[in-house]
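Source file input.txt; content: compact mmCIF, C-alpha atoms.
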```
# COMPACT_ATOMS: atom_id res chain seq x y z
CA MET A 1 125.66 27.70 89.38
CA ALA A 2 127.95 28.42 86.43
CA ALA A 3 125.13 30.25 84.63
CA ALA A 4 124.46 32.40 87.68
CA LEU A 5 128.13 33.35 87.99
CA ALA A 6 128.25 34.20 84.28
CA LYS A 7 125.34 36.60 84.69
CA LEU A 8 127.12 38.38 87.54
CA ASP A 9 130.26 38.70 85.42
CA GLU A 10 128.26 40.20 82.55
CA ALA A 11 126.95 43.15 84.53
CA PRO A 12 129.42 44.34 87.21
CA ILE A 13 128.00 47.85 87.10
CA LEU A 14 124.50 46.67 87.80
CA ALA A 15 125.59 44.68 90.83
CA ALA A 16 127.08 47.78 92.48
CA ALA A 17 124.28 50.13 91.57
CA ASN A 18 121.84 49.70 94.41
CA TYR A 19 123.53 50.10 97.82
CA GLY A 20 121.16 47.45 99.19
CA VAL A 21 118.09 49.71 99.25
CA LEU A 22 116.15 47.43 96.88
CA PRO A 23 116.94 44.02 95.44
CA LEU A 24 118.75 44.48 92.15
CA ASP A 25 116.12 42.73 90.05
CA VAL A 26 113.36 44.85 91.63
CA LEU A 27 115.18 48.13 91.02
CA SER A 28 115.97 47.18 87.43
CA ASP A 29 112.40 46.12 86.74
CA VAL A 30 111.02 49.38 88.16
CA LEU A 31 113.38 51.56 86.14
CA LEU A 32 112.82 49.56 82.95
CA ARG A 33 109.13 50.48 83.09
CA LEU A 34 109.86 54.22 82.84
CA PRO A 35 110.14 56.12 79.55
CA ALA A 36 113.52 57.38 78.39
CA ASP A 37 112.98 61.05 79.24
CA GLU A 38 112.13 60.23 82.86
CA LEU A 39 115.17 57.97 83.16
CA CYS A 40 117.37 60.82 81.95
CA ARG A 41 116.06 62.95 84.83
CA LEU A 42 116.50 60.13 87.34
CA ARG A 43 120.17 59.89 86.42
CA LEU A 44 120.65 62.98 88.58
CA VAL A 45 119.49 61.19 91.71
CA CYS A 46 122.81 59.45 92.40
CA ARG A 47 125.84 58.03 90.66
CA SER A 48 124.69 54.45 91.08
CA TRP A 49 121.42 55.11 89.24
CA ARG A 50 123.32 56.90 86.52
CA SER A 51 125.65 53.91 86.16
CA LEU A 52 122.73 51.51 86.05
CA THR A 53 120.73 53.42 83.42
CA SER A 54 123.86 54.07 81.32
CA ASP A 55 124.85 50.41 81.13
CA PRO A 56 124.54 48.94 77.58
CA LEU A 57 122.73 45.84 78.87
CA PHE A 58 120.15 48.00 80.61
CA ALA A 59 119.78 50.22 77.53
CA LYS A 60 119.16 47.19 75.31
CA ALA A 61 116.54 45.80 77.69
CA HIS A 62 114.85 49.21 77.91
CA SER A 63 114.71 49.55 74.12
CA SER A 64 112.98 46.17 73.78
CA ARG A 65 110.33 47.22 76.32
CA HIS A 66 109.73 50.64 74.76
CA PRO A 67 109.62 50.20 70.97
CA HIS A 68 109.27 53.33 68.88
CA VAL A 69 109.37 54.50 65.29
CA VAL A 70 110.99 57.42 63.53
CA ALA A 71 109.17 59.28 60.77
CA LEU A 72 109.26 62.47 58.75
CA HIS A 73 106.54 65.03 59.43
CA CYS A 74 104.77 65.94 56.20
CA ASP A 75 104.42 69.67 56.96
CA SER A 76 107.76 70.52 58.55
CA GLY A 77 109.94 67.76 57.12
CA ASP A 78 111.42 67.28 60.60
CA VAL A 79 112.16 63.93 62.23
CA HIS A 80 109.78 62.78 64.96
CA VAL A 81 110.39 59.86 67.33
CA VAL A 82 107.00 58.34 68.19
CA ASP A 83 106.10 55.48 70.52
CA LEU A 84 103.44 52.87 69.75
CA SER A 85 100.81 54.90 71.61
CA GLY A 86 101.34 57.94 69.40
CA ASN A 87 103.32 60.01 71.91
CA VAL A 88 106.03 62.15 70.32
CA LEU A 89 109.15 61.38 72.33
CA LYS A 90 111.51 63.64 70.43
CA ARG A 91 111.50 66.21 67.63
CA ILE A 92 114.62 66.81 65.56
CA HIS A 93 114.51 69.98 63.50
CA LEU A 94 116.14 69.81 60.08
CA GLU A 95 117.52 72.85 58.32
CA HIS A 96 116.34 71.34 55.05
CA PRO A 97 113.14 69.23 55.10
CA GLY A 98 113.71 65.51 54.71
CA ASP A 99 112.16 63.49 51.90
CA ASP A 100 113.13 59.97 52.97
CA LEU A 101 115.11 58.27 55.72
CA THR A 102 116.79 55.02 56.60
CA THR A 103 117.88 53.89 60.08
CA GLN A 104 120.50 51.76 61.80
CA LEU A 105 120.87 51.58 65.59
CA ASP A 106 121.43 55.13 66.88
CA LEU A 107 121.82 56.79 63.48
CA LEU A 108 119.36 58.12 60.93
CA TYR A 109 120.28 58.95 57.36
CA VAL A 110 117.94 61.64 56.05
CA VAL A 111 117.65 62.15 52.30
CA SER A 112 116.74 65.63 51.05
CA PHE A 113 116.06 65.87 47.34
CA ARG A 114 115.40 69.60 47.52
CA SER A 115 118.60 70.70 49.28
CA GLY A 116 121.05 68.40 47.48
CA GLN A 117 122.51 67.30 50.82
CA ASP A 118 121.90 64.21 52.93
CA HIS A 119 122.56 64.08 56.67
CA ALA A 120 123.44 61.37 59.17
CA LEU A 121 121.84 62.25 62.52
CA ASN A 122 122.35 60.87 66.01
CA VAL A 123 118.83 60.09 67.26
CA VAL A 124 119.63 60.77 70.91
CA THR A 125 121.53 64.03 70.58
CA GLY A 126 119.82 65.27 67.41
CA MET A 127 123.23 66.34 66.14
CA VAL A 128 124.40 65.97 62.53
CA GLU A 129 127.21 63.41 62.46
CA HIS A 130 127.96 63.57 58.74
CA THR A 131 126.83 65.49 55.65
CA THR A 132 127.14 64.20 52.10
CA GLN A 133 126.45 65.81 48.74
CA ARG A 134 123.56 64.23 46.94
CA SER A 135 123.79 63.11 43.34
CA SER A 136 120.85 64.04 41.13
CA SER A 137 120.89 60.53 39.64
CA THR A 138 120.70 58.71 42.99
CA HIS A 139 117.57 56.57 43.19
CA THR A 140 118.23 54.28 46.17
CA THR A 141 120.05 54.96 49.45
CA VAL A 142 120.67 52.51 52.31
CA LEU A 143 122.34 53.16 55.67
CA GLY A 144 124.16 50.05 56.87
CA HIS A 145 126.04 48.97 59.99
CA VAL A 146 128.96 46.54 60.00
CA PRO A 147 128.82 44.60 63.31
CA SER A 148 132.42 43.33 63.10
CA THR A 149 133.94 46.83 62.88
CA GLY A 150 131.19 49.07 64.24
CA GLU A 151 131.36 51.19 61.07
CA TYR A 152 128.38 52.88 59.49
CA LYS A 153 128.32 52.91 55.70
CA VAL A 154 125.93 54.36 53.15
CA LEU A 155 125.29 52.55 49.90
CA ARG A 156 123.72 54.55 47.09
CA ILE A 157 122.66 53.16 43.75
CA GLN A 158 122.34 55.37 40.69
CA TRP A 159 120.13 54.49 37.75
CA GLY A 160 119.33 51.17 39.38
CA GLN A 161 122.83 49.65 38.99
CA ARG A 162 125.79 52.01 39.53
CA SER A 163 126.94 51.55 43.14
CA GLU A 164 128.88 53.87 45.47
CA VAL A 165 129.79 53.55 49.16
CA ILE A 166 130.90 56.04 51.80
CA THR A 167 132.05 55.32 55.37
CA LEU A 168 130.57 57.80 57.83
CA GLY A 169 132.90 59.53 60.27
CA SER A 170 136.06 58.63 58.33
CA GLY A 171 137.35 62.20 58.02
CA ASN A 172 138.68 63.84 54.89
CA ASN A 173 139.54 60.50 53.32
CA GLY A 174 135.98 59.27 53.50
CA GLY A 175 134.67 60.19 50.06
CA TRP A 176 132.35 58.18 47.86
CA ARG A 177 133.96 55.03 46.46
CA GLN A 178 132.75 53.52 43.20
CA ARG A 179 131.91 49.84 43.53
CA PRO A 180 130.86 47.15 41.03
CA ARG A 181 127.49 47.56 39.40
CA ALA A 182 124.42 45.70 40.63
CA PRO A 183 123.65 42.47 38.75
CA THR A 184 120.54 44.03 37.22
CA ILE A 185 118.15 46.93 37.78
CA ILE A 186 117.38 47.36 41.51
CA ALA A 187 113.85 48.34 42.60
CA VAL A 188 113.67 51.94 43.81
CA SER A 189 111.11 51.74 46.63
CA SER A 190 112.25 51.15 50.23
CA ARG A 191 109.68 48.34 50.36
CA TYR A 192 112.03 46.21 48.29
CA MET A 193 115.16 46.56 50.42
CA ALA A 194 116.39 45.62 53.90
CA GLN A 195 119.71 45.60 55.78
CA VAL A 196 120.54 42.77 58.17
CA GLY A 197 123.86 41.94 59.78
CA GLY A 198 126.06 44.07 57.54
CA VAL A 199 124.41 42.96 54.29
CA ALA A 200 121.97 45.00 52.19
CA TYR A 201 119.28 43.05 50.33
CA PHE A 202 117.32 44.17 47.27
CA MET A 203 114.55 42.97 45.01
CA PHE A 204 114.54 43.88 41.33
CA ASP A 205 112.53 46.19 39.10
CA GLN A 206 110.51 43.42 37.47
CA PRO A 207 109.69 45.03 34.10
CA LEU A 208 113.42 45.55 33.45
CA VAL A 209 115.01 42.29 34.62
CA PRO A 210 116.01 39.28 32.50
CA ALA A 211 113.50 36.47 32.10
CA ASP A 212 115.56 34.02 34.15
CA ILE A 213 115.17 36.10 37.34
CA GLU A 214 112.14 35.15 39.41
CA PRO A 215 109.89 37.81 40.99
CA ASP A 216 111.17 37.06 44.49
CA ASP A 217 114.88 36.62 43.73
CA ILE A 218 117.08 38.80 45.94
CA ALA A 219 120.45 40.47 45.33
CA SER A 220 122.79 41.09 48.26
CA PHE A 221 125.55 43.66 48.81
CA ASP A 222 128.18 42.85 51.44
CA LEU A 223 129.06 46.04 53.33
CA VAL A 224 132.30 44.51 54.63
CA THR A 225 133.82 43.64 51.26
CA GLU A 226 131.74 46.30 49.46
CA GLU A 227 130.95 43.80 46.72
CA TRP A 228 127.77 42.34 45.27
CA ARG A 229 127.54 38.67 46.10
CA PRO A 230 127.73 36.59 42.90
CA THR A 231 124.76 34.35 43.65
CA LEU A 232 121.17 35.55 43.97
CA ILE A 233 119.11 34.34 46.90
CA GLN A 234 116.14 32.33 45.72
CA GLY A 235 112.90 33.55 47.27
CA PRO A 236 110.40 31.40 49.14
CA LEU A 237 107.92 31.08 46.30
CA ARG A 238 110.08 28.43 44.66
CA GLN A 239 109.36 26.23 47.67
CA LEU A 240 105.69 26.23 46.70
CA THR A 241 104.42 23.86 44.05
CA LYS A 242 102.20 26.59 42.61
CA TYR A 243 101.80 30.29 43.25
CA PRO A 244 99.47 32.82 41.61
CA ILE A 245 101.55 34.90 39.22
CA GLY A 246 99.99 38.32 38.65
CA VAL A 247 98.01 38.44 41.87
CA ILE A 248 100.88 38.61 44.35
CA TYR A 249 102.76 41.51 45.85
CA LEU A 250 106.21 41.07 47.36
CA CYS A 251 108.40 43.13 49.68
CA LEU A 252 111.35 42.81 52.04
CA ALA A 253 111.56 43.59 55.74
CA LYS A 254 113.83 43.17 58.74
CA LEU A 255 112.11 41.57 61.72
CA ASN A 256 114.06 40.72 64.88
CA ASP A 257 117.38 40.70 62.98
CA CYS A 258 116.05 38.33 60.30
CA LEU A 259 115.52 38.94 56.60
CA VAL A 260 111.84 38.50 55.78
CA THR A 261 110.06 38.26 52.46
CA VAL A 262 106.41 39.28 52.63
CA HIS A 263 104.12 37.66 50.08
CA TYR A 264 100.68 39.24 49.67
CA ASN A 265 97.93 37.51 47.73
CA TYR A 266 95.44 39.97 46.26
CA GLN A 267 92.86 37.25 45.59
CA ASP A 268 92.30 36.04 49.15
CA VAL A 269 93.55 39.26 50.84
CA SER A 270 96.20 37.45 52.86
CA GLY A 271 99.87 37.85 53.60
CA ASP A 272 102.61 35.35 54.44
CA LEU A 273 105.80 36.29 56.27
CA TRP A 274 108.75 34.09 55.26
CA PHE A 275 111.93 34.19 57.40
CA LEU A 276 115.29 33.33 55.87
CA GLU A 277 116.75 30.40 57.84
CA ASP A 278 119.71 29.37 55.66
CA ILE A 279 121.12 31.86 53.15
CA ASP A 280 123.37 29.29 51.42
CA LYS A 281 120.47 26.94 50.75
CA SER A 282 117.90 29.73 50.21
CA LEU A 283 115.79 28.04 52.88
CA TRP A 284 112.76 30.03 54.07
CA ILE A 285 110.30 29.27 56.89
CA LYS A 286 106.76 30.68 56.92
CA ARG A 287 106.20 31.84 60.51
CA TYR A 288 103.14 34.04 60.07
CA SER A 289 100.10 34.03 57.84
CA VAL A 290 97.80 37.02 58.27
CA ARG A 291 94.38 37.92 56.98
CA CYS A 292 94.67 41.53 55.84
CA GLU A 293 92.11 44.15 56.87
CA GLY A 294 89.92 46.31 54.73
CA GLY A 295 88.87 44.04 51.88
CA PRO A 296 90.76 44.10 48.54
CA LEU A 297 94.30 45.37 48.97
CA ARG A 298 95.15 48.80 47.59
CA ASP A 299 98.48 50.65 47.53
CA ASN A 300 97.51 52.86 50.47
CA GLN A 301 96.53 49.77 52.47
CA PHE A 302 99.90 48.13 52.04
CA HIS A 303 100.71 46.13 55.20
CA HIS A 304 104.40 46.64 55.99
CA PRO A 305 105.72 44.70 59.02
CA LEU A 306 107.95 46.64 61.42
CA LEU A 307 108.50 44.54 64.52
CA VAL A 308 107.65 41.31 66.35
CA LEU A 309 106.93 42.05 70.02
CA GLU A 310 107.98 39.80 72.89
CA ASP A 311 104.37 38.59 73.27
CA GLY A 312 104.30 37.44 69.64
CA ARG A 313 102.23 40.27 68.17
CA VAL A 314 103.44 41.73 64.87
CA ILE A 315 103.44 45.52 64.39
CA PHE A 316 102.46 46.74 60.91
CA PHE A 317 102.26 50.16 59.32
CA VAL A 318 99.12 50.19 57.19
CA ASP A 319 96.85 52.90 55.84
CA GLN A 320 98.39 55.66 58.05
CA TYR A 321 98.02 53.53 61.20
CA LEU A 322 100.32 51.50 63.38
CA ARG A 323 98.42 48.25 63.90
CA SER A 324 99.18 45.05 65.75
CA TYR A 325 98.29 41.54 64.63
CA ASP A 326 97.90 38.78 67.21
CA PRO A 327 98.56 35.39 65.54
CA ARG A 328 97.03 33.53 68.49
CA THR A 329 93.61 35.15 68.12
CA ARG A 330 94.05 36.20 64.47
CA THR A 331 92.80 39.68 65.31
CA TRP A 332 93.95 43.21 64.49
CA ALA A 333 94.13 46.20 66.82
CA ALA A 334 94.78 49.84 65.94
CA LEU A 335 97.60 51.28 68.06
CA THR A 336 97.85 54.86 66.84
CA MET A 337 97.22 56.99 63.79
CA MET A 338 100.28 58.24 61.91
CA ARG A 339 98.44 60.68 59.68
CA GLY A 340 100.70 63.54 58.69
CA TYR A 341 103.81 61.35 58.58
CA HIS A 342 105.70 59.53 55.87
CA SER A 343 108.81 57.32 55.73
CA VAL A 344 107.80 55.53 58.94
CA ARG A 345 110.68 53.30 60.06
CA MET A 346 111.38 51.18 63.12
CA HIS A 347 114.16 52.59 65.29
CA HIS A 348 116.16 49.70 66.73
CA GLY A 349 118.57 51.80 68.80
CA SER A 350 118.17 52.98 72.36
CA LEU A 351 117.23 56.48 73.41
CA LEU A 352 119.47 55.96 76.45
CA CYS A 353 122.70 55.46 74.51
CA SER A 354 124.84 58.31 73.25
CA GLY A 355 127.59 56.45 71.41
CA LYS A 356 127.19 55.94 67.67
CA ARG A 357 128.17 52.33 68.09
CA GLY A 358 125.55 51.56 70.70
CA GLU A 359 127.83 52.20 73.67
CA GLY A 360 126.35 53.07 77.02
CA GLY A 361 126.20 56.67 78.11
CA ALA A 362 123.91 59.51 78.98
CA ALA A 363 121.26 60.17 76.39
CA VAL A 364 121.73 63.92 76.72
CA ASP A 365 123.58 66.27 79.02
CA VAL A 366 120.66 66.27 81.42
CA THR A 367 122.23 68.85 83.73
CA ARG A 368 122.13 71.45 81.00
CA ARG A 369 118.93 70.31 79.37
CA HIS A 370 116.90 70.14 82.59
CA LYS A 371 117.90 73.12 84.69
CA GLY A 372 116.52 73.12 88.19
CA LEU A 373 116.59 69.34 88.52
CA LYS A 374 119.81 69.57 90.54
CA ARG A 375 117.71 70.04 93.64
CA THR A 376 115.71 66.86 93.22
CA VAL A 377 115.75 64.37 96.07
CA GLY A 378 119.05 62.49 96.31
CA TRP A 379 121.23 65.20 94.74
CA GLU A 380 123.48 67.54 96.63
CA SER A 381 126.15 69.97 95.52
CA PRO A 382 129.87 69.10 95.94
CA GLN A 383 130.21 71.94 98.47
CA LYS A 384 127.41 70.62 100.64
CA LYS A 385 128.71 67.06 100.34
CA GLY A 386 132.16 68.21 101.49
CA LYS A 387 130.72 70.00 104.55
CA ARG A 388 128.73 66.90 105.47
CA ARG A 389 131.82 64.68 105.26
CA ARG A 390 133.94 67.07 107.43
CA SER A 391 131.20 67.15 110.06
```

Turn this file's structure into structure tokens for me.
Amino acid sequence: MAAALAKLDEAPILAAANYGVLPLDVLSDVLLRLPADELCRLRLVCRSWRSLTSDPLFAKAHSSRHPHVVALHCDSGDVHVVDLSGNVLKRIHLEHPGDDLTTQLDLLYVVSFRSGQDHALNVVTGMVEHTTQRSSSTHTTVLGHVPSTGEYKVLRIQWGQRSEVITLGSGNNGGWRQRPRAPTIIAVSSRYMAQVGGVAYFMFDQPLVPADIEPDDIASFDLVTEEWRPTLIQGPLRQLTKYPIGVIYLCLAKLNDCLVTVHYNYQDVSGDLWFLEDIDKSLWIKRYSVRCEGGPLRDNQFHHPLLVLEDGRVIFFVDQYLRSYDPRTRTWAALTMMRGYHSVRMHHGSLLCSGKRGEGGAAVDVTRRHKGLKRTVGWESPQKKGKRRRS
């Protein structure tokens, strides 16, 4: 009984959003099955539907049912939002073509080497939230989100060690702040970095690191204190009694809000996904072991994990395809081709939320964006509504 009452207290808007036409759970389930663009149109039906589809709890549930990626189009350099079936849900035109991007919730941070300017974009509105001048010596850029404050920060690392931070949306006082240097040379590729829970994690550029640093050791930068943590996180390979040096390939990923180290073995064409369970003890748990497709691994066949679905399947980006791996049947399935795209990233925000901090709200001003929809069933003008009430 207490649990049921708690659920009602969590979603007061949802409870009042139906007028008794359909049971609440039925209405919610029906609307959750629809894509974001159709829900934006349905918000014009009545205020109760708008309240329901604008609620943060509904938006979070909808995002989990409709996963999608963001990527840069190779020809135009624009940002495309693409679902797992290959449908382009949204196109965001960039004045200067993007060369790389990083994501957090509803924001994208697009790096443009050619223009000298980087841009923070709101995925839903397509508007530029912040513009920063790019340093010619910047090699690594990470967009981070601090859950405790709701702030978005960008960490950039120059020449592998020099660190600077900027807080987005902080006005004229929000310039780049120099921070302590990284403990040693950070790897440049986005494959070797991940951001989880307000902390940015990095692997090292192996040819340039001291001998006492293992291949899978991880440095961490706390976005709250804006300091490098003094102790390295020991990778999962130390938990093994023996591992094949020289025939492994390592990377970092964020899966379901967990830091994951991916360990690929070139000899048996397999990959292990290790989830960090206890950061203080450097305790890792191997949750998935996959047999990679396509024979001997090559750079263009790199299997990068993006997401674990509710049914347990793991989504990978590999060889210009989005593919799913089912650990129950140990089989692969091609979802859609991503040829013509680069910098493919998972977007963990909702296309139904407009606030930068994940707050509920209309995805777009649908009245202006979809002219003519005012006359859909269930909508009536204020003048007509007033006449009906007086009668």

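Once His347 of chain A and its same-chain neighbours fewer than 3 positions away are set aside, Pro67, His68, Val69, Val70, Val81, Thr103, Gln104, Leu105, Asp106, Leu107, Leu108 and Ser350 of chain A remain within 9 Å of it when counting only C-alpha atoms.
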
So, with only C-alpha atoms as the atoms that count, which of A:Val209, A:Val111, A:Val260, A:Leu39 lies closest to Glu277 of chain A? A:Val260

Distance query Ile157 of chain A at most 8 Å, only C-alpha atoms, self and fewer than 4 positions along chain excluded, as a list of chain:residue names: A:Thr138, A:His139, A:Thr140, A:Thr141, A:Gln161, A:Arg162, A:Ser163, A:Glu164

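Of the residues under consideration (A:Ala59, A:Cys292, A:Met337, A:Ala187), A:Cys292 shows the shortest atom-to-atom contact distance to Tyr325 of chain A when counting only C-alpha atoms.
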
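Take atom CA of Arg191 of chain A and atom CA of Arg65 of chain A: the distance between them is 26.0 Å.
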
Between atom CA of Leu31 of chain A and atom CA of Ser63 of chain A, distance in Å (one decimal): 12.3 Å

The residue from A:Arg323, A:Lys281, A:Lys153, A:Lys254 with the smallest atom-to-atom distance to Leu223 of chain A, counting only C-alpha atoms, is A:Lys153

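Every protein, DNA or RNA residue with an atom at most 7 Å from segment 312-321 of chain A, where all atoms listed in the file count and chain neighbours fewer than 5 positions away do not, is listed here: Asn300, Gln301, Phe302, His303, His304, Pro305, Leu306, Leu307, Asp326, Pro327, Ala334, Thr336, Met337, Met338 and Arg339 of chain A.
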
Report, in Å to a single decimal, how far apart atom CA of Ser115 of chain A and atom CA of Gly144 of chain A are. 22.7 Å

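Using all atoms listed in the file, the contacts of Trp228 of chain A at a cut-off of 8 Å, with sequence neighbours closer than 5 positions omitted, comprise Pro180, Arg181, Ala182, Pro183, Ala219, Ser220, Phe221 and Asp222 of chain A.
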
Residue contacts of Asp272 of chain A (7 Å, all atoms listed in the file) excluding same-chain residues fewer than 5 positions away, as a list in words: Val262, His263, Tyr264, Lys286, Tyr288, Ser289 and Val290 of chain A
